[in-house]
Every structure is written in C-alpha cells, then in structure tokens.
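Trainee: You'll find model-v9.csv just under this line, and it carries CSV, C-alpha atoms.
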```csv
chain,number,residue,atom,x,y,z
A,1,MET,CA,34.0,78.6,101.4
A,2,LYS,CA,33.3,81.7,103.4
A,3,HIS,CA,30.5,79.8,105.2
A,4,LEU,CA,32.9,77.0,106.0
A,5,ILE,CA,35.4,79.4,107.6
A,6,ILE,CA,32.7,81.1,109.6
A,7,SER,CA,31.3,77.7,110.7
A,8,ALA,CA,34.7,76.6,111.7
A,9,MET,CA,35.3,79.8,113.7
A,10,LEU,CA,31.9,79.4,115.4
A,11,LEU,CA,32.6,75.8,116.3
A,12,THR,CA,36.0,76.7,117.7
A,13,ALA,CA,34.4,79.5,119.8
A,14,ILE,CA,31.7,77.2,121.1
A,15,ALA,CA,34.2,74.5,122.0
A,16,SER,CA,36.4,77.1,123.7
A,17,CYS,CA,33.4,78.2,125.8
A,18,GLN,CA,32.5,74.7,126.7
A,19,ASN,CA,36.1,74.0,127.8
A,20,GLU,CA,36.0,77.2,129.9
A,21,THR,CA,32.7,76.1,131.5
A,22,LYS,CA,34.1,72.6,132.1
A,23,ASN,CA,37.2,74.1,133.7
A,24,GLN,CA,35.2,76.4,136.0
A,25,SER,CA,33.0,73.4,136.9
A,26,ASN,CA,36.0,71.3,137.8
A,27,ASN,CA,37.5,74.2,139.8
A,28,SER,CA,34.2,74.6,141.6
A,29,THR,CA,34.1,70.9,142.4
A,30,GLU,CA,37.7,70.9,143.7
A,31,ASN,CA,36.9,73.9,145.8
A,32,ASN,CA,33.8,72.2,147.3
A,33,MET,CA,35.8,69.1,148.0
A,34,GLU,CA,38.6,71.2,149.7
A,35,GLN,CA,36.0,73.1,151.7
A,36,SER,CA,34.4,69.8,152.8
A,37,THR,CA,37.8,68.4,153.8
A,38,GLU,CA,38.7,71.6,155.8
A,39,LYS,CA,35.3,71.6,157.5
A,40,THR,CA,35.7,67.9,158.5
A,41,ALA,CA,39.2,68.7,160.0
A,42,ILE,CA,37.6,71.6,161.9
A,43,GLU,CA,34.8,69.4,163.2
A,44,LYS,CA,37.4,67.0,164.5
A,45,LEU,CA,39.3,69.8,166.2
A,46,LEU,CA,36.1,71.0,167.9
A,47,PHE,CA,35.1,67.5,169.1
A,48,SER,CA,38.7,67.0,170.4
A,49,TYR,CA,38.3,70.3,172.4
A,50,ARG,CA,34.9,69.0,173.8
A,51,ASP,CA,36.6,65.8,174.8
A,52,ALA,CA,39.5,67.6,176.5
A,53,LEU,CA,37.0,69.8,178.4
A,54,ASN,CA,34.9,66.8,179.5
A,55,ALA,CA,38.2,65.1,180.7
A,56,SER,CA,39.3,68.3,182.5
A,57,ASP,CA,42.7,67.7,180.8
A,58,VAL,CA,44.8,70.8,180.3
A,59,THR,CA,47.4,68.7,178.4
A,60,LYS,CA,44.8,67.9,175.8
A,61,VAL,CA,43.5,71.5,175.6
A,62,LEU,CA,46.8,73.3,175.0
A,63,PRO,CA,47.9,71.6,171.8
A,64,LEU,CA,44.5,72.6,170.3
A,65,TYR,CA,45.4,76.4,170.6
A,66,THR,CA,47.9,78.4,168.5
A,67,ASN,CA,50.9,79.6,170.4
A,68,ASP,CA,49.4,83.1,170.5
A,69,GLY,CA,45.9,81.9,171.1
A,70,VAL,CA,43.4,83.8,173.2
A,71,PHE,CA,40.8,82.3,175.6
A,72,MET,CA,38.0,84.7,176.5
A,73,PRO,CA,35.8,83.1,179.2
A,74,SER,CA,32.7,84.8,180.5
A,75,ASN,CA,33.2,86.9,183.6
A,76,ALA,CA,36.9,86.4,183.7
A,77,PRO,CA,40.0,88.1,182.1
A,78,SER,CA,41.2,87.0,178.7
A,79,ALA,CA,44.1,84.5,178.7
A,80,ILE,CA,46.7,85.3,176.0
A,81,GLY,CA,49.3,82.8,174.9
A,82,GLN,CA,50.0,79.3,176.0
A,83,GLU,CA,51.1,80.0,179.6
A,84,GLN,CA,48.1,82.1,180.5
A,85,ILE,CA,45.7,79.7,178.7
A,86,LYS,CA,47.3,76.9,180.7
A,87,GLY,CA,46.7,78.8,184.0
A,88,SER,CA,43.1,79.6,183.0
A,89,TYR,CA,42.2,76.0,182.2
A,90,GLU,CA,43.9,74.7,185.3
A,91,PHE,CA,41.8,77.1,187.4
A,92,VAL,CA,38.6,76.2,185.6
A,93,PHE,CA,39.2,72.5,185.9
A,94,SER,CA,40.0,72.9,189.6
A,95,GLN,CA,36.6,74.5,190.1
A,96,ILE,CA,34.3,72.5,187.9
A,97,GLN,CA,33.8,69.2,185.9
A,98,LEU,CA,32.0,69.6,182.6
A,99,ASN,CA,29.9,67.0,180.9
A,100,ILE,CA,28.8,68.7,177.6
A,101,LYS,CA,28.0,68.0,174.0
A,102,PHE,CA,28.9,70.4,171.2
A,103,TYR,CA,26.5,71.2,168.4
A,104,ILE,CA,28.0,72.9,165.4
A,105,ASP,CA,25.8,75.6,163.9
A,106,GLU,CA,28.2,77.1,161.3
A,107,ILE,CA,31.7,76.7,159.9
A,108,VAL,CA,33.1,79.2,157.4
A,109,VAL,CA,36.6,78.7,155.9
A,110,ASN,CA,38.6,81.4,154.1
A,111,GLY,CA,42.1,80.3,153.3
A,112,ASP,CA,44.1,79.6,156.5
A,113,TYR,CA,41.4,81.2,158.7
A,114,ALA,CA,38.0,80.0,159.7
A,115,PHE,CA,35.3,80.6,162.3
A,116,ALA,CA,32.9,78.2,163.9
A,117,ARG,CA,29.7,79.0,165.8
A,118,THR,CA,28.6,76.3,168.2
A,119,THR,CA,26.4,75.7,171.1
A,120,SER,CA,27.0,73.3,174.0
A,121,LYS,CA,24.7,71.7,176.4
A,122,GLY,CA,25.1,69.4,179.4
A,123,THR,CA,26.0,69.7,183.0
A,124,THR,CA,28.6,71.2,185.3
A,125,LEU,CA,29.7,69.6,188.6
A,126,ILE,CA,30.7,72.4,191.0
A,127,HIS,CA,33.6,71.0,193.1
A,128,ALA,CA,33.1,73.5,196.0
A,129,ASN,CA,29.6,72.3,196.8
A,130,GLY,CA,29.2,69.0,194.9
A,131,LYS,CA,26.1,70.3,193.1
A,132,THR,CA,25.5,69.5,189.4
A,133,VAL,CA,23.8,72.3,187.4
A,134,ALA,CA,22.6,72.6,183.8
A,135,GLU,CA,25.2,74.1,181.4
A,136,GLU,CA,24.2,75.8,178.1
A,137,ASN,CA,26.5,78.1,176.2
A,138,ARG,CA,27.0,79.5,172.8
A,139,GLU,CA,30.6,79.7,171.5
A,140,LEU,CA,32.6,81.5,168.8
A,141,PHE,CA,35.9,80.0,167.6
A,142,VAL,CA,38.3,81.8,165.3
A,143,LEU,CA,40.6,79.1,163.9
A,144,GLN,CA,43.9,79.3,162.1
A,145,LYS,CA,45.6,76.6,160.0
A,146,THR,CA,49.3,76.4,161.0
A,147,ASN,CA,51.6,73.6,159.8
A,148,GLU,CA,48.7,72.0,158.0
A,149,GLN,CA,46.6,71.7,161.2
A,150,TRP,CA,43.6,73.7,162.3
A,151,LYS,CA,44.0,75.2,165.8
A,152,ILE,CA,42.0,77.5,168.0
A,153,SER,CA,43.2,81.1,167.6
A,154,ARG,CA,40.5,82.9,169.6
A,155,TYR,CA,37.7,81.4,171.6
A,156,MET,CA,34.9,83.0,173.6
A,157,PHE,CA,31.6,81.8,175.0
A,158,ASN,CA,28.7,83.0,177.1
A,159,LYS,CA,25.7,81.5,178.8
A,160,MET,CA,22.5,81.2,176.9
A,161,LYS,CA,20.3,81.4,180.0
```
Could you rewrite the structure in this file as structure tokens?
Mentor:
Amino acid sequence: MKHLIISAMLLTAIASCQNETKNQSNNSTENNMEQSTEKTAIEKLLFSYRDALNASDVTKVLPLYTNDGVFMPSNAPSAIGQEQIKGSYEFVFSQIQLNIKFYIDEIVVNGDYAFARTTSKGTTLIHANGKTVAEENRELFVLQKTNEQWKISRYMFNKMK
C-alpha cells in the first residue's frame, strides 16, 4: 500500500512537471508568434517610410512619427515634434530627390518600444545642380507603439562612405 501511495505521488509530480513544461512551451510559442507579428508590423512601417522618402511626400512621412518624435539628420539640427519634423522634411525634399532601398539588419522589440537598425542604398538627385550621386546610409530607429500602431519615436542616420 505504501508503494502505491508513493507511486501515485510520484506520478502526480511528474504529470505536474510535464504540464508546467507544456505551459512554458505554449507561452514561448505565443511570445515568438507575437514577436513575429510585431516585427512584421515594424517592417511595414519602415518600408512605408522608405516609400514616403522616395516620393518626397511630407504628408506621408508625418503620420509615421509619434507626436513628440525626433528626427536627427546628419550635419543638421534635430527636429523635435511634428511641426519641426514637417519643416525639416520640407527643406530636405526641396533640396533632393531620393531613390533608395532599405535593408533591415536588426529589429528588437521590448513591450511598446523597439529599435531597428537598417542600411539604405540608392541615389540622390540634387535639385540645385541636377546631378545624381550615390547614396548609402546606416540608420537607427527607436520605435514606439501608440494606439496599437508602431511609429518612429527617434530616427538618426549617417553616411557610410
């Protein structure tokens, strides 16, 4: 009888451990699926940003930023908030026309914040002289999820060459 009780306790403990492992595995699978969904949404945001840049369309750029977003272009002052960001992009688009592709090197998501490291490559048409030059940058995006949508919170880039 004593052996039966010990066996029953042992089987209960094993079953409990198996359920715990199964629950952890299910949670891990759910977390991986959620991470994948979030990364896909961020990729979509980054490609929308690329498309807005290539179209030189300020009205498509602005909704991609948070209200308190910060744009930190190379060799220029930071633009903070929607009005300054709008002015910066209007100036940029009056000077150049981009034709670039984005390559996503890394996306890391942590709750409602994420960062993305990208590179871009293509050409820039300089309106002042009509010349087209090679364009190659590396970028860092800090992203924030607001109202269930990923937006650019902070963005900076610099030339690779």
Trainee: Which one is closest to A:Gln144: A:Ser88, A:Thr132, A:Asn67, A:Asn75? Count all atoms listed in the file.
Mentor: A:Asn67
Trainee: Atom CA of A:Arg117 and atom CA of A:Asp105, how far apart in Å?
Mentor: 5.5 Å
Trainee: Atom CA of A:Thr118 and atom CA of A:Glu106 are how many Å apart?
Mentor: 7.0 Å
Trainee: Within 7 Å of A:Ile85, counting only C-alpha atoms, which residues qualify if same-chain residues fewer than 5 places away don't, as a ChimeraX atom specification?
Mentor: /A:71,79-80
Trainee: Find, counting all atoms listed in the file, the residue in A:Tyr89, A:Tyr49, A:Asp68, A:Ile100 that gets nearest to A:Thr123.
Mentor: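 Closest to A:Thr123, using all atoms listed in the file: A:Ile100.
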Trainee: For A:Asp112, which residue out of A:Leu125, A:Val142, A:Val92, A:Ala52 is the nearest one, using all atoms listed in the file?
Mentor: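 The closest residue to A:Asp112 is A:Val142.
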Trainee: Expressed in Å to a single decimal, how great is the separation between atom CA of A:Ile107 and atom CA of A:Lys39?
Mentor: 6.7 Å
Trainee: With distances taken over all atoms listed in the file, which of A:Ile104, A:Leu140, A:Leu98, A:Ala116 is nearest to A:Asp57?
Mentor: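 Nearest to A:Asp57: A:Leu98.
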Trainee: Which one of A:Ser36, A:Asn129, A:Ala41, A:Leu62 sits closest to A:Glu148 if you count only C-alpha atoms?
Mentor: A:Ala41
Trainee: Distance cut-off 12 Å, centre (42.0, 71.0, 159.5) in file coordinates, counting all atoms listed in the file: which residues qualify? Return them as a ChimeraX atom specification.
Mentor: /A:34-46,64,107,109,111-114,143-152
Trainee: So, counting all atoms listed in the file, which residue among A:Met72, A:Gln95, A:Gly81, A:Arg50 is closest to A:Lys121?
Mentor: A:Arg50
Trainee: Please return stretch 41-70 of chain A, rebuilt to N, CA and C atoms, as a CSV table (one decimal), in the frame of the given file.
Mentor:
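Output contents, as saved in rebuild_30.csv:
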```csv
chain,number,residue,atom,x,y,z
A,41,ALA,N,38.0,68.6,159.1
A,41,ALA,CA,39.2,68.7,160.0
A,41,ALA,C,38.8,69.6,161.2
A,42,ILE,N,38.0,70.7,160.9
A,42,ILE,CA,37.6,71.6,161.9
A,42,ILE,C,36.7,70.9,162.9
A,43,GLU,N,35.7,70.2,162.4
A,43,GLU,CA,34.8,69.4,163.2
A,43,GLU,C,35.6,68.5,164.2
A,44,LYS,N,36.6,67.8,163.6
A,44,LYS,CA,37.4,67.0,164.5
A,44,LYS,C,38.1,67.7,165.6
A,45,LEU,N,38.6,68.9,165.2
A,45,LEU,CA,39.3,69.8,166.2
A,45,LEU,C,38.3,70.2,167.3
A,46,LEU,N,37.1,70.6,166.9
A,46,LEU,CA,36.1,71.0,167.9
A,46,LEU,C,35.6,69.8,168.8
A,47,PHE,N,35.5,68.7,168.3
A,47,PHE,CA,35.1,67.5,169.1
A,47,PHE,C,36.3,67.1,170.0
A,48,SER,N,37.5,67.3,169.6
A,48,SER,CA,38.7,67.0,170.4
A,48,SER,C,38.7,68.0,171.6
A,49,TYR,N,38.3,69.2,171.3
A,49,TYR,CA,38.3,70.3,172.4
A,49,TYR,C,37.2,69.9,173.4
A,50,ARG,N,36.0,69.5,172.9
A,50,ARG,CA,34.9,69.0,173.8
A,50,ARG,C,35.4,67.9,174.7
A,51,ASP,N,36.1,66.9,174.1
A,51,ASP,CA,36.6,65.8,174.8
A,51,ASP,C,37.6,66.2,175.9
A,52,ALA,N,38.5,67.1,175.5
A,52,ALA,CA,39.5,67.6,176.5
A,52,ALA,C,38.8,68.3,177.7
A,53,LEU,N,37.7,69.1,177.4
A,53,LEU,CA,37.0,69.8,178.4
A,53,LEU,C,36.3,68.8,179.3
A,54,ASN,N,35.6,67.8,178.7
A,54,ASN,CA,34.9,66.8,179.5
A,54,ASN,C,35.9,66.0,180.4
A,55,ALA,N,37.1,65.8,179.9
A,55,ALA,CA,38.2,65.1,180.7
A,55,ALA,C,38.9,66.0,181.7
A,56,SER,N,38.6,67.3,181.7
A,56,SER,CA,39.3,68.3,182.5
A,56,SER,C,40.8,68.1,182.3
A,57,ASP,N,41.3,68.0,181.1
A,57,ASP,CA,42.7,67.7,180.8
A,57,ASP,C,43.4,68.9,180.1
A,58,VAL,N,44.1,69.6,180.9
A,58,VAL,CA,44.8,70.8,180.3
A,58,VAL,C,45.8,70.3,179.2
A,59,THR,N,46.5,69.2,179.4
A,59,THR,CA,47.4,68.7,178.4
A,59,THR,C,46.8,68.4,177.1
A,60,LYS,N,45.5,68.2,177.1
A,60,LYS,CA,44.8,67.9,175.8
A,60,LYS,C,44.3,69.2,175.2
A,61,VAL,N,44.0,70.2,176.1
A,61,VAL,CA,43.5,71.5,175.6
A,61,VAL,C,44.6,72.3,174.9
A,62,LEU,N,45.8,72.4,175.5
A,62,LEU,CA,46.8,73.3,175.0
A,62,LEU,C,47.2,73.1,173.6
A,63,PRO,N,47.4,71.8,173.2
A,63,PRO,CA,47.9,71.6,171.8
A,63,PRO,C,46.8,72.0,170.7
A,64,LEU,N,45.6,72.3,171.2
A,64,LEU,CA,44.5,72.6,170.3
A,64,LEU,C,44.5,74.1,170.0
A,65,TYR,N,45.3,74.9,170.8
A,65,TYR,CA,45.4,76.4,170.6
A,65,TYR,C,46.7,76.7,169.8
A,66,THR,N,46.6,77.8,169.1
A,66,THR,CA,47.9,78.4,168.5
A,66,THR,C,48.7,78.9,169.6
A,67,ASN,N,50.0,79.1,169.4
A,67,ASN,CA,50.9,79.6,170.4
A,67,ASN,C,50.5,81.0,170.9
A,68,ASP,N,49.9,81.8,170.1
A,68,ASP,CA,49.4,83.1,170.5
A,68,ASP,C,47.9,83.2,170.7
A,69,GLY,N,47.3,82.0,171.0
A,69,GLY,CA,45.9,81.9,171.1
A,69,GLY,C,45.3,82.8,172.2
A,70,VAL,N,44.0,83.0,172.2
A,70,VAL,CA,43.4,83.8,173.2
A,70,VAL,C,42.1,83.1,173.6
```
